[in-house]
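Heads up, the thing below is written out as structure tokens.
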Amino acid sequence: MPSDEIMVSVEHVSMDFRLDPNRTSSLKEWAMDTLRRRRRTAVFHALRDVSFTVSKGTVMGLIGSNGAGKSTVLKVISGIYRPTAGQAVVRGSLVPMLELGAGFDPELSGRENILLNGAILGYPRDFLLDRVEEIITYSGLGAFVERPLKTYSSGMMARLAFSVATVVRPDILIVDEILAVGDEAFQRKSRARMMEMMGGGATVLFVSHNLSQIRQMCQQVVWLDHGAVREAGDAETVCAHYAEAVDSGALSR
């Protein structure tokens, strides 16, 4: 059950990306534009003064249209991005599952990638060697685990990544759409594993375009719109308002 202890605090976070609208095709053109003082830099405001907190044991869903800033705020929380303004404070161990295959080597087998990806996540080698068979069994990859990762489908990679990341129970798990891939049987297993982690006090943040999944798994939801928090609160209320906006044509998923 959620407690009053704050595990993640996002405090007035803004994130800007500088874009080059000139898009010159050669070094010569770039140099000439610079000499003529014609080069301009555009700024894309990915996040705008975003604030929210996540209590221990809470499953927090992030919803919004494509480009709303959902994945960006998860990367700020994970420490992948340094925000332009504000800060994200994390208390406890964190496992981010943001980009499928990140840290995997396509030339290595699934078994070898378990050791590689586990090391990247900070697991000791002896621990991984003791758990490798458990990870393989949970992933359901069977004989495919001995094949190069480049032969895997995105769903198979998702299953392997999820199995490695959740072999221990981190304090905070960050998931970006991974529960939407793989077959229905593995999706059910993933949800069950997350419910186990929640029962042990883990805190989960995840992005999904599946509102039914958000309603089923989340206690709280943050709705991002053009990089800003449009609404935050209990899952059923926020999802209902978001669905209304989508149905009315005011938003696209």
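Within each chain, counting starts at residue 1; across the structure tokens, chains are named A, B, ... in the order shown, with ligands numbered 1 upward in that order.
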May I have all residues of segment 35-126 of chain A that DSSP, computed from the backbone, assigns to strand (DSSP E or B), given as a PyMOL selection string? chain A and resi 42-55+59-63+85-90+94-97+109
Got time to write the residues from that selection, N, CA and C atoms, as a short mmCIF file (atom, residue, chain, number, x, y, z; two decimals), in the first residue's frame?
```
data_model
loop_
_atom_site.label_atom_id
_atom_site.label_comp_id
_atom_site.auth_asym_id
_atom_site.auth_seq_id
_atom_site.Cartn_x
_atom_site.Cartn_y
_atom_site.Cartn_z
N ALA A 42 16.85 27.45 -32.77
CA ALA A 42 15.50 27.38 -32.22
C ALA A 42 15.52 26.56 -30.93
N VAL A 43 14.57 26.79 -30.07
CA VAL A 43 14.49 26.09 -28.79
C VAL A 43 13.15 25.37 -28.71
N PHE A 44 13.22 24.06 -28.41
CA PHE A 44 12.00 23.27 -28.20
C PHE A 44 11.83 23.04 -26.70
N HIS A 45 10.71 23.48 -26.17
CA HIS A 45 10.43 23.35 -24.74
C HIS A 45 9.74 22.00 -24.49
N ALA A 46 10.53 20.99 -24.18
CA ALA A 46 9.98 19.64 -23.98
C ALA A 46 9.20 19.53 -22.68
N LEU A 47 9.67 20.19 -21.63
CA LEU A 47 8.99 20.22 -20.35
C LEU A 47 8.92 21.65 -19.85
N ARG A 48 7.79 22.00 -19.23
CA ARG A 48 7.57 23.37 -18.77
C ARG A 48 7.09 23.35 -17.32
N ASP A 49 8.00 23.60 -16.39
CA ASP A 49 7.67 23.77 -14.97
C ASP A 49 6.83 22.59 -14.44
N VAL A 50 7.33 21.40 -14.64
CA VAL A 50 6.61 20.18 -14.23
C VAL A 50 6.95 19.85 -12.78
N SER A 51 5.90 19.64 -11.98
CA SER A 51 6.08 19.28 -10.58
C SER A 51 5.09 18.19 -10.19
N PHE A 52 5.55 17.18 -9.50
CA PHE A 52 4.69 16.18 -8.87
C PHE A 52 5.55 15.31 -7.96
N THR A 53 4.90 14.59 -7.05
CA THR A 53 5.61 13.67 -6.16
C THR A 53 4.99 12.29 -6.26
N VAL A 54 5.79 11.29 -5.94
CA VAL A 54 5.33 9.91 -5.95
C VAL A 54 5.68 9.28 -4.61
N SER A 55 4.68 8.78 -3.91
CA SER A 55 4.88 8.18 -2.59
C SER A 55 5.31 6.73 -2.71
N VAL A 59 1.87 3.28 -7.69
CA VAL A 59 2.09 3.13 -9.13
C VAL A 59 1.54 4.39 -9.79
N MET A 60 2.44 5.17 -10.36
CA MET A 60 2.09 6.44 -10.99
C MET A 60 2.13 6.28 -12.51
N GLY A 61 1.04 6.56 -13.17
CA GLY A 61 0.99 6.51 -14.62
C GLY A 61 1.19 7.89 -15.22
N LEU A 62 1.86 7.94 -16.35
CA LEU A 62 2.02 9.18 -17.11
C LEU A 62 1.31 9.01 -18.44
N ILE A 63 0.37 9.90 -18.72
CA ILE A 63 -0.40 9.82 -19.96
C ILE A 63 -0.30 11.14 -20.71
N ALA A 85 15.97 23.58 -15.91
CA ALA A 85 15.63 24.22 -14.65
C ALA A 85 14.95 23.20 -13.75
N GLY A 86 15.01 23.46 -12.45
CA GLY A 86 14.38 22.55 -11.50
C GLY A 86 15.23 21.32 -11.23
N GLN A 87 14.65 20.36 -10.52
CA GLN A 87 15.38 19.14 -10.18
C GLN A 87 14.42 17.99 -9.93
N ALA A 88 14.96 16.78 -10.07
CA ALA A 88 14.22 15.57 -9.72
C ALA A 88 15.01 14.87 -8.62
N VAL A 89 14.37 14.65 -7.49
CA VAL A 89 15.02 14.03 -6.34
C VAL A 89 14.49 12.60 -6.20
N VAL A 90 15.40 11.64 -6.16
CA VAL A 90 15.05 10.22 -6.07
C VAL A 90 15.63 9.65 -4.78
N LEU A 94 17.00 2.62 -8.08
CA LEU A 94 16.13 2.84 -9.23
C LEU A 94 16.60 2.00 -10.41
N VAL A 95 15.66 1.34 -11.07
CA VAL A 95 15.94 0.62 -12.31
C VAL A 95 15.09 1.23 -13.42
N PRO A 96 15.75 1.87 -14.42
CA PRO A 96 14.98 2.43 -15.53
C PRO A 96 14.89 1.44 -16.69
N MET A 97 13.68 1.29 -17.22
CA MET A 97 13.47 0.46 -18.41
C MET A 97 12.83 1.36 -19.45
N SER A 109 24.50 -13.58 -27.52
CA SER A 109 23.29 -14.37 -27.27
C SER A 109 22.48 -13.72 -26.16
#
```
Who sits within 8 Å of Gly67 of chain A, only C-alpha atoms, same chain under 3 positions skipped, as a PDB file with C-alpha atoms, in the first residue's frame:
```
ATOM      1  CA  ALA A  46       9.977  19.641 -23.984  1.00  0.00           C
ATOM      2  CA  LYS A  70       6.213  11.650 -20.892  1.00  0.00           C
ATOM      3  CA  HIS A 226       2.718  20.064 -24.503  1.00  0.00           C
ATOM      4  CA  GLY A 227       5.319  19.560 -21.781  1.00  0.00           C
TER       5      GLY A 227
END
```
Based on DSSP run over this structure's backbone, return all residues of segment 23-231 of chain A in helix (DSSP H, G or I), as number ranges by chain. A: 27-35, 70-78, 110-120, 125-139, 142-146, 149-151, 154-165, 178-180, 184-199, 211-217
Find the residues around Ile120 of chain A up to 10 Å (only C-alpha atoms counted), leave out those fewer than 5 positions away in its own chain, and share them as a ChimeraX atom specification. /A:102-104,114-115
Selection file, N, CA and C atoms, as a CSV table (one decimal), in the first residue's frame:
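Listing of selection_5.csv after writing:
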```csv
chain,number,residue,atom,x,y,z
A,102,ALA,N,18.5,-1.1,-25.0
A,102,ALA,CA,19.6,-0.2,-24.6
A,102,ALA,C,20.6,-1.0,-23.7
A,103,GLY,N,21.9,-1.0,-24.0
A,103,GLY,CA,22.8,-1.8,-23.3
A,103,GLY,C,23.0,-3.2,-23.8
A,104,PHE,N,22.2,-3.6,-24.7
A,104,PHE,CA,22.3,-5.0,-25.3
A,104,PHE,C,23.3,-4.9,-26.5
A,114,ILE,N,22.2,-11.2,-20.8
A,114,ILE,CA,21.7,-11.2,-19.4
A,114,ILE,C,22.9,-10.7,-18.5
A,115,LEU,N,24.1,-11.2,-18.7
A,115,LEU,CA,25.2,-10.9,-17.9
A,115,LEU,C,25.6,-9.4,-18.2
```
For segment 247-252 of chain A, please output as number ranges by chain all residues within 12 Å (counting only C-alpha atoms; exclusion window: fewer than 6 positions along the same chain). A: 63-68, 209, 223-226, 240-241
As a JSON list (two decimals) with C-alpha atoms, in the first residue's frame, please: the residues near segment 183-194 of chain A (cut-off 12 Å, only C-alpha atoms, same-chain neighbours under 5 positions excluded).
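The file below, out32.json, is the result:
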```
[["chain", "number", "residue", "atom", "x", "y", "z"],
["A", 57, "GLY", "CA", 4.40, 1.90, -2.96],
["A", 58, "THR", "CA", 2.48, 4.03, -5.47],
["A", 59, "VAL", "CA", 2.09, 3.13, -9.13],
["A", 137, "THR", "CA", 12.70, -19.29, -17.27],
["A", 138, "TYR", "CA", 10.75, -16.13, -16.48],
["A", 139, "SER", "CA", 11.45, -14.64, -19.92],
["A", 140, "GLY", "CA", 10.01, -17.72, -21.62],
["A", 141, "LEU", "CA", 12.64, -17.52, -24.39],
["A", 153, "SER", "CA", 11.74, -9.58, -32.21],
["A", 154, "SER", "CA", 11.09, -6.40, -30.20],
["A", 155, "GLY", "CA", 8.74, -8.40, -28.00],
["A", 156, "MET", "CA", 11.42, -10.96, -27.20],
["A", 158, "ALA", "CA", 11.26, -6.63, -24.07],
["A", 159, "ARG", "CA", 10.73, -9.92, -22.27],
["A", 160, "LEU", "CA", 14.46, -10.35, -21.73],
["A", 161, "ALA", "CA", 14.94, -6.75, -20.55],
["A", 162, "PHE", "CA", 12.01, -6.94, -18.13],
["A", 163, "SER", "CA", 13.19, -10.28, -16.73],
["A", 165, "ALA", "CA", 15.56, -5.65, -14.59],
["A", 166, "THR", "CA", 13.09, -7.19, -12.15],
["A", 167, "VAL", "CA", 15.15, -10.16, -10.96],
["A", 168, "VAL", "CA", 15.70, -8.05, -7.85],
["A", 169, "ARG", "CA", 13.17, -5.72, -6.27],
["A", 170, "PRO", "CA", 14.36, -2.14, -6.78],
["A", 171, "ASP", "CA", 12.84, 0.62, -4.66],
["A", 172, "ILE", "CA", 11.74, 2.41, -7.84],
["A", 173, "LEU", "CA", 11.00, 0.92, -11.26],
["A", 174, "ILE", "CA", 10.57, 3.19, -14.28],
["A", 175, "VAL", "CA", 8.89, 1.64, -17.31],
["A", 177, "GLU", "CA", 5.60, 1.26, -22.71],
["A", 178, "ILE", "CA", 7.32, -2.09, -22.14],
["A", 199, "GLY", "CA", 3.19, -5.43, -2.53],
["A", 200, "GLY", "CA", 6.79, -5.33, -1.33],
["A", 201, "GLY", "CA", 6.72, -1.53, -1.21],
["A", 202, "ALA", "CA", 8.22, -0.77, -4.63],
["A", 203, "THR", "CA", 7.31, 2.47, -6.37],
["A", 204, "VAL", "CA", 6.52, 2.31, -10.09],
["A", 205, "LEU", "CA", 6.31, 5.03, -12.73],
["A", 206, "PHE", "CA", 5.26, 4.03, -16.19],
["A", 213, "GLN", "CA", -3.99, -0.71, -18.28],
["A", 214, "ILE", "CA", -3.45, 2.63, -16.54],
["A", 216, "GLN", "CA", -6.11, -1.20, -13.70],
["A", 217, "MET", "CA", -2.61, -0.70, -12.33],
["A", 218, "CYS", "CA", -2.27, 2.92, -11.20]]
```
note - atom CA of Leu19 of chain A and atom CA of Pro83 of chain A are separated by 16.2 Å
Work out how far apart atom CA of Asn210 of chain A and atom CA of Met7 of chain A are and give it in Å to one decimal. 24.9 Å
